[in-house]
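What follows is a short report on a single structure.
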Amino acid sequence: MVKQKRKNQKQEAVDRVFPNEGLTLNTERFYYVLIFLLALAVRAIYLWEMRDAPVSTLLLGDAQSYDTWAQEISGGNWLGSQVFYQAPLYPYFLALIYTFFGRDFLIVRIIQVAIGILSCLLLARAGRDFFSKKTGIISGILIAIYPTAIFFDCLIQKEVLGFFFMSLFLYLIGMTLQRPKGMGWLIMGIVLGCMGLIRENALILIIVILFWLYIYFRSMPFRTRISWSALLLCGAAIILIPVGLRNKVVGGDFVLTTSQFGSNLYIGNNNMADGRYMPLRPDRGDWAFERQDATELAETALGRKLSPSEVSTYWVGRTLSYIGSEPMHWIGLMTKKWFLVWNAVEVGDAESQYAHSQWSLVLKWLGFFFHFGVICPLAVWGVCLTWRFRQRLWILYLILICFAASVALFYVFARYRFPMIGVLVLFAAAGIAGSREFFREKKLKSVFICLFLVVISAVLVNWKIVTKDEFISSTFYNIAHDLSAQGDTAHAAYYYHEASKLSPGNDMILNNLGLALFKQGKADEAISQFNQALQIKPDSVKTHNNLAIVLGSMGETDEAIRHFLEVIRIDPDFGPSVYFNLACM
């Protein structure tokens with residue numbers, strides 16, 4: 001009775017800060033319908049705006065990998081033939097859609113929009129259980145109009161599933177706070193297992209929840225907590241063990257998820273790393289080369305064939321060697337990555353939110369007013385306002401910090417940190433919902449401290465570390481590359497040119513622009529681009545080789561020979577074609 005009375009008193013205190021006046025059951029349902037309609041409307045408008053954009057039909061980066069893989073699966077190869085290198089759940093999700101509806105990207109996007117809307121509703125329910133009905137409604141509205149969520153919901157990428165499982169995970173924790181039950185722990189384990197097959201670093205949340213279970217529910221009998229832990233682990237095992245067995249059967253290696261842990265760890269932690277993705281081999285930042293390069297470099301170094309887990313272990317060893325030999329450099333690198341995780345700019349991959357904003361007013365204007373640099377300070381405000389209830393909310397702090405740390409441990413992309421937004425939105429909504437009551441208390445010292453922390457966080461988060469232009473340029477480059485591969489050299493040249501304006505110091509863009517111009521018969525313009533590229537990077541063998549070919553086609557044999565010889569001088573193993581072309585000249 002005493003414990004129940006204390007629990008009721010705590011809930012009454014929460015209700016005083018987050019009043020639910022006027023929110024009857026019917027009113028609450030109305031707001032949930034509003035969240036549904038709002039999320040649907042902005043995503044439908046965004047899809048309509050993007051209908052003629054080249055990215056609506058082109059698949060860039062990992063999207064190509066997922067599509068190719070999904071076609072193989074839907075074609076009958078459901079088991080596969082190698083240990084998983086990339087997280088497998090999204091390709092199998094795509095394969096199911098292809099099997100029932102055909103390879104139609106619009107249908108894929110419509111289904112993903114439905115999943116994204118469900119995530120909004122789940123997050124709203126999580127806000128209700130952690131804080132109040134009002135907070136839940138605001139949480140749903142915030143995530144419904146959050147531009148990065150809109151972007152990922154409509155992208156052929158796995159982030160829509162990653163955020164769905166995070167929202168479901170937060171919803172289940174909120175339910176557990178109210179009514180801890182055995183079946184809830186089992187389902188939570190299944191959800192975490194699924195998250196691990198989308199974003200492997202999410203498996204750290206299993207440890208987080210086990211720790212919380214034992215501490216937060218310490219008033220429960222030890223046997224009960226043991227049984228709950230067992231159910232949680234069983235839930236995760238239901239998902240992960242079959243994957244490990246499948247990897248053992250087809251690849252001879254028992255790997256619970258994927259074999260890319262070591263190589264990804266090294267990419268983010270070496271003396272050349274800058275906090276973002278850098279391929280193991282220069283100019284090989286394509287999904288098609290990732291497994292091949294990681295394996296070949298490891299086998300060459302050790303002088304023998306390696307299993308996928310041995311390849312991963314090799315790269316872990318390289319990482320630990322770097323950390324041990326240059327600890328201060330590594331600490332500085334980790335600090336930079338930590339700030340990148342919390343920076344307002346969404347670090348783009350093959351496709352950038354900012355590039356998509358060139359075709360969408362919804363994404364452009366929502367991104368201007370409501371972005372990570374806004375939601376994060378709002379979340380700080382919410383944390384300050386709810387600090388008195390930290391004994392109830394510390395699981396959210398732990399999830400947020402541990403997930404952010406798991407991203408910073410590797411390298412930073414916007415899509416890697418995206419699941420964190422769920423927790424940030426809950427606190428931002430709590431801050432908005434409780435502001436009026438907080439200011440009514442007129443505790444000037446508390447208000448000043450909270451506002452000071454919000455201002456500091458806003459300055460740090462919005463500090464310029466990277467620019468949006470470089471990610472727009474990267475997307476334009478990838479668009480041009482794919483258009484060129486399809487033979488559309490005119491449009492390819494246009495996007496290469498746009499990319500070069502945003503990244504004028506990128507020799508690779510100028511080199512490819514030169515190739516596209518040459519294919520259009522504009523040899524003089526092509527030579528101009530190659531020469532500009534060589535001014536930036538004089539030892540670029542690709543540029544020297546391409547320039548030599550163009551010069552040779554124009555009859556400038558002496559100049560062509562000079563550039564072919566430069567290729568051989570810089571890289572004698574460039575390839576047999578350079579020797580053949582030189583002989584022809």
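Chain identifiers are assigned as A, B, and so on, following the order in which chains appear in the structure tokens; residues are numbered from 1 within each chain, and ligands are numbered from 1 in order of appearance.
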**Request:** Name the residues in contact with Ile209 (chain A) at a cut-off of 12 Å, using only C-alpha atoms, excluding same-chain residues fewer than 2 positions from it; report them as a PyMOL selection string.
**Result:** chain A and resi 169-170+172-173+176+185+188-189+192+202-207+211-217+225+228-229+232-233+394-396+398-399+402
**helix (DSSP H, G or I) positions in region 247-349 of chain A, given as a PyMOL selection string** = chain A and resi 247-251+261-268+287-302+308-325+327-341
Sorted by chain and rising residue number, list the residues of region 193-271 of chain A at most 9 Å from region 310-323 of chain A (counting only C-alpha atoms), each with its closest atom pair and distance in Å to one decimal, as a tab-separated table.
residue	atom	partner	partner_atom	distance
A:Ser259	CA	A:Ser312	CA	6.1
A:Gln260	CA	A:Ser312	CA	6.2
A:Phe261	CA	A:Ser312	CA	6.1
A:Gly262	CA	A:Ser312	CA	4.1
A:Ser263	CA	A:Trp315	CA	5.3
A:Asn264	CA	A:Trp315	CA	8.4
A:Leu265	CA	A:Val316	CA	6.8
A:Tyr266	CA	A:Thr319	CA	5.1
A:Ile267	CA	A:Thr319	CA	8.7
A:Gly268	CA	A:Thr319	CA	8.9
A:Asn269	CA	A:Thr319	CA	6.1
A:Asn270	CA	A:Tyr322	CA	6.1
A:Asn271	CA	A:Tyr322	CA	7.1
**Prompt:** If you measure from CA of Val160 (chain A) to CA of Arg125 (chain A), what distance in Å do you get, rounded to one decimal?
**Reply:** 18.4 Å
**Prompt:** Nearest to Phe410 (chain A): which of A:Trp338, A:Phe564, A:Tyr85, A:Tyr146 is it, counting only C-alpha atoms?
**Reply:** A:Trp338
**Prompt:** Between A:Ala560, A:Ala41, A:Thr99, A:Ser307, which is the closest to Arg291 (chain A) once you count only C-alpha atoms?
**Reply:**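 Of the candidates, the smallest distance to Arg291 (chain A) is held by A:Ser307.
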Might you pull out every residue within 9 Å of Thr295 (chain A), with only C-alpha atoms counted and same-chain residues fewer than 2 positions away left off, and present them as a JSON list (two decimals) with all heavy atoms, in the first residue's frame?
[["chain", "number", "residue", "atom", "x", "y", "z"],
["A", 290, "GLU", "N", 32.90, -3.17, -50.96],
["A", 290, "GLU", "CA", 33.17, -3.16, -49.52],
["A", 290, "GLU", "C", 33.63, -4.52, -49.01],
["A", 290, "GLU", "O", 34.67, -4.63, -48.35],
["A", 290, "GLU", "CB", 31.91, -2.70, -48.77],
["A", 290, "GLU", "CG", 31.61, -1.22, -48.94],
["A", 290, "GLU", "CD", 30.36, -0.79, -48.19],
["A", 290, "GLU", "OE1", 29.70, -1.66, -47.59],
["A", 290, "GLU", "OE2", 30.05, 0.40, -48.20],
["A", 291, "ARG", "N", 32.85, -5.57, -49.28],
["A", 291, "ARG", "CA", 33.24, -6.91, -48.80],
["A", 291, "ARG", "C", 34.54, -7.36, -49.46],
["A", 291, "ARG", "O", 35.44, -7.88, -48.79],
["A", 291, "ARG", "CB", 32.12, -7.90, -49.10],
["A", 291, "ARG", "CG", 32.40, -9.31, -48.53],
["A", 291, "ARG", "CD", 31.59, -10.37, -49.26],
["A", 291, "ARG", "NE", 30.17, -10.21, -49.10],
["A", 291, "ARG", "CZ", 29.40, -10.92, -48.27],
["A", 291, "ARG", "NH1", 29.95, -11.86, -47.51],
["A", 291, "ARG", "NH2", 28.10, -10.72, -48.22],
["A", 292, "GLN", "N", 34.63, -7.16, -50.77],
["A", 292, "GLN", "CA", 35.81, -7.58, -51.53],
["A", 292, "GLN", "C", 37.08, -6.93, -51.00],
["A", 292, "GLN", "O", 38.08, -7.61, -50.74],
["A", 292, "GLN", "CB", 35.62, -7.25, -53.00],
["A", 292, "GLN", "CG", 36.83, -7.55, -53.88],
["A", 292, "GLN", "CD", 36.66, -7.00, -55.29],
["A", 292, "GLN", "OE1", 35.56, -6.67, -55.72],
["A", 292, "GLN", "NE2", 37.76, -6.91, -56.01],
["A", 293, "ASP", "N", 37.05, -5.61, -50.80],
["A", 293, "ASP", "CA", 38.24, -4.90, -50.34],
["A", 293, "ASP", "C", 38.63, -5.31, -48.93],
["A", 293, "ASP", "O", 39.82, -5.50, -48.64],
["A", 293, "ASP", "CB", 38.01, -3.40, -50.42],
["A", 293, "ASP", "CG", 37.97, -2.88, -51.84],
["A", 293, "ASP", "OD1", 38.29, -3.66, -52.76],
["A", 293, "ASP", "OD2", 37.61, -1.70, -52.05],
["A", 297, "LEU", "N", 42.31, -7.21, -48.62],
["A", 297, "LEU", "CA", 43.36, -6.54, -47.85],
["A", 297, "LEU", "C", 43.76, -7.36, -46.63],
["A", 297, "LEU", "O", 44.95, -7.46, -46.30],
["A", 297, "LEU", "CB", 42.89, -5.15, -47.41],
["A", 297, "LEU", "CG", 42.77, -4.10, -48.52],
["A", 297, "LEU", "CD1", 42.08, -2.84, -48.02],
["A", 297, "LEU", "CD2", 44.15, -3.76, -49.09],
["A", 298, "ALA", "N", 42.78, -7.97, -45.95],
["A", 298, "ALA", "CA", 43.08, -8.79, -44.78],
["A", 298, "ALA", "C", 43.85, -10.04, -45.18],
["A", 298, "ALA", "O", 44.83, -10.42, -44.53],
["A", 298, "ALA", "CB", 41.79, -9.15, -44.06],
["A", 299, "GLU", "N", 43.43, -10.71, -46.26],
["A", 299, "GLU", "CA", 44.10, -11.95, -46.69],
["A", 299, "GLU", "C", 45.51, -11.67, -47.21],
["A", 299, "GLU", "O", 46.43, -12.47, -46.98],
["A", 299, "GLU", "CB", 43.25, -12.64, -47.76],
["A", 299, "GLU", "CG", 41.97, -13.24, -47.20],
["A", 299, "GLU", "CD", 41.10, -13.91, -48.25],
["A", 299, "GLU", "OE1", 41.34, -13.66, -49.47],
["A", 299, "GLU", "OE2", 40.20, -14.68, -47.88],
["A", 300, "THR", "N", 45.68, -10.55, -47.88],
["A", 300, "THR", "CA", 47.01, -10.17, -48.35],
["A", 300, "THR", "C", 47.95, -9.91, -47.17],
["A", 300, "THR", "O", 49.12, -10.33, -47.18],
["A", 300, "THR", "CB", 46.94, -8.92, -49.24],
["A", 300, "THR", "OG1", 46.11, -9.19, -50.37],
["A", 300, "THR", "CG2", 48.32, -8.51, -49.73],
["A", 305, "LYS", "N", 43.89, -17.56, -46.78],
["A", 305, "LYS", "CA", 42.45, -17.39, -46.89],
["A", 305, "LYS", "C", 41.83, -17.22, -45.50],
["A", 305, "LYS", "O", 42.26, -17.88, -44.55],
["A", 305, "LYS", "CB", 41.81, -18.60, -47.59],
["A", 305, "LYS", "CG", 41.99, -18.62, -49.09],
["A", 305, "LYS", "CD", 41.10, -17.57, -49.74],
["A", 305, "LYS", "CE", 41.18, -17.62, -51.25],
["A", 305, "LYS", "NZ", 40.34, -16.58, -51.89],
["A", 306, "LEU", "N", 40.83, -16.36, -45.41],
["A", 306, "LEU", "CA", 40.20, -16.08, -44.12],
["A", 306, "LEU", "C", 38.70, -16.28, -44.21],
["A", 306, "LEU", "O", 38.09, -16.01, -45.25],
["A", 306, "LEU", "CB", 40.50, -14.65, -43.68],
["A", 306, "LEU", "CG", 41.96, -14.25, -43.49],
["A", 306, "LEU", "CD1", 42.06, -12.75, -43.20],
["A", 306, "LEU", "CD2", 42.62, -15.04, -42.38],
["A", 307, "SER", "N", 38.11, -16.72, -43.11],
["A", 307, "SER", "CA", 36.66, -16.78, -43.01],
["A", 307, "SER", "C", 36.15, -15.36, -42.75],
["A", 307, "SER", "O", 36.92, -14.48, -42.36],
["A", 307, "SER", "CB", 36.24, -17.70, -41.86],
["A", 307, "SER", "OG", 36.60, -17.12, -40.61],
["A", 308, "PRO", "N", 34.85, -15.10, -42.97],
["A", 308, "PRO", "CA", 34.32, -13.75, -42.71],
["A", 308, "PRO", "C", 34.57, -13.25, -41.30],
["A", 308, "PRO", "O", 34.92, -12.08, -41.11],
["A", 308, "PRO", "CB", 32.82, -13.92, -42.98],
["A", 308, "PRO", "CG", 32.74, -15.02, -44.00],
["A", 308, "PRO", "CD", 33.84, -15.98, -43.60],
["A", 311, "VAL", "N", 38.19, -12.21, -41.03],
["A", 311, "VAL", "CA", 38.40, -10.91, -41.66],
["A", 311, "VAL", "C", 38.00, -9.80, -40.69],
["A", 311, "VAL", "O", 38.74, -8.81, -40.51],
["A", 311, "VAL", "CB", 37.58, -10.80, -42.97],
["A", 311, "VAL", "CG1", 37.65, -9.37, -43.51],
["A", 311, "VAL", "CG2", 38.09, -11.77, -44.01],
["A", 312, "SER", "N", 36.85, -9.96, -40.06],
["A", 312, "SER", "CA", 36.40, -8.97, -39.08],
["A", 312, "SER", "C", 37.39, -8.84, -37.93],
["A", 312, "SER", "O", 37.73, -7.74, -37.51],
["A", 312, "SER", "CB", 35.01, -9.34, -38.56],
["A", 312, "SER", "OG", 34.54, -8.38, -37.65]]
**Item:** Selected residue of minimal separation from Ile549 (chain A) among A:Ala526, A:Cys376, A:Leu534, A:Ala237, counting only C-alpha atoms
**Value:** A:Ala526
**Message:** Between A:Ile472, A:Ala485, A:Ile115, A:Ala404, which residue has the minimum interatomic distance to Gln358 (chain A), considering only C-alpha atoms?
**Reply:**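 Using only C-alpha atoms, Gln358 (chain A) sits closest to A:Ile472.
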**Prompt:** Hey, which of A:Phe370, A:Trp330, A:Phe151, A:Phe131 ends up closest to Leu385 (chain A)? Count only C-alpha atoms.
**Reply:**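 Ranked by minimum distance to Leu385 (chain A), first place goes to A:Phe131.
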**Message:** At a cut-off of 10 Å, using only C-alpha atoms, what residues contact Ala583 (chain A)? Leave out same-chain residues fewer than 3 positions from it and give the result as a PyMOL selection string.
**Reply:** chain A and resi 561+564+577-580
**Message:** Need to verify the contact set: Ile479 (chain A), 10 Å, only C-alpha atoms, exclusion of same-chain residues closer than 4 positions in sequence. Can you return it as a ChimeraX atom specification?
**Reply:** /A:54-55,58-60,350-351,473-475,483-485,491-492,495-496,499
**Asked** Between A:Ile239, A:Leu121, A:Ile110, A:Ala288, which is the closest to Thr68 (chain A) once you count only C-alpha atoms?
**Response**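 Under the stated criterion, the closest residue is A:Ala288.
Using only C-alpha atoms, the protein and nucleic acid residues lying no more than 9 Å from Trp463 (chain A), apart from those fewer than 3 places from it along its own chain, are A:Asn343, A:Ala344, A:Ala458, A:Val459, A:Leu460, A:Val466.
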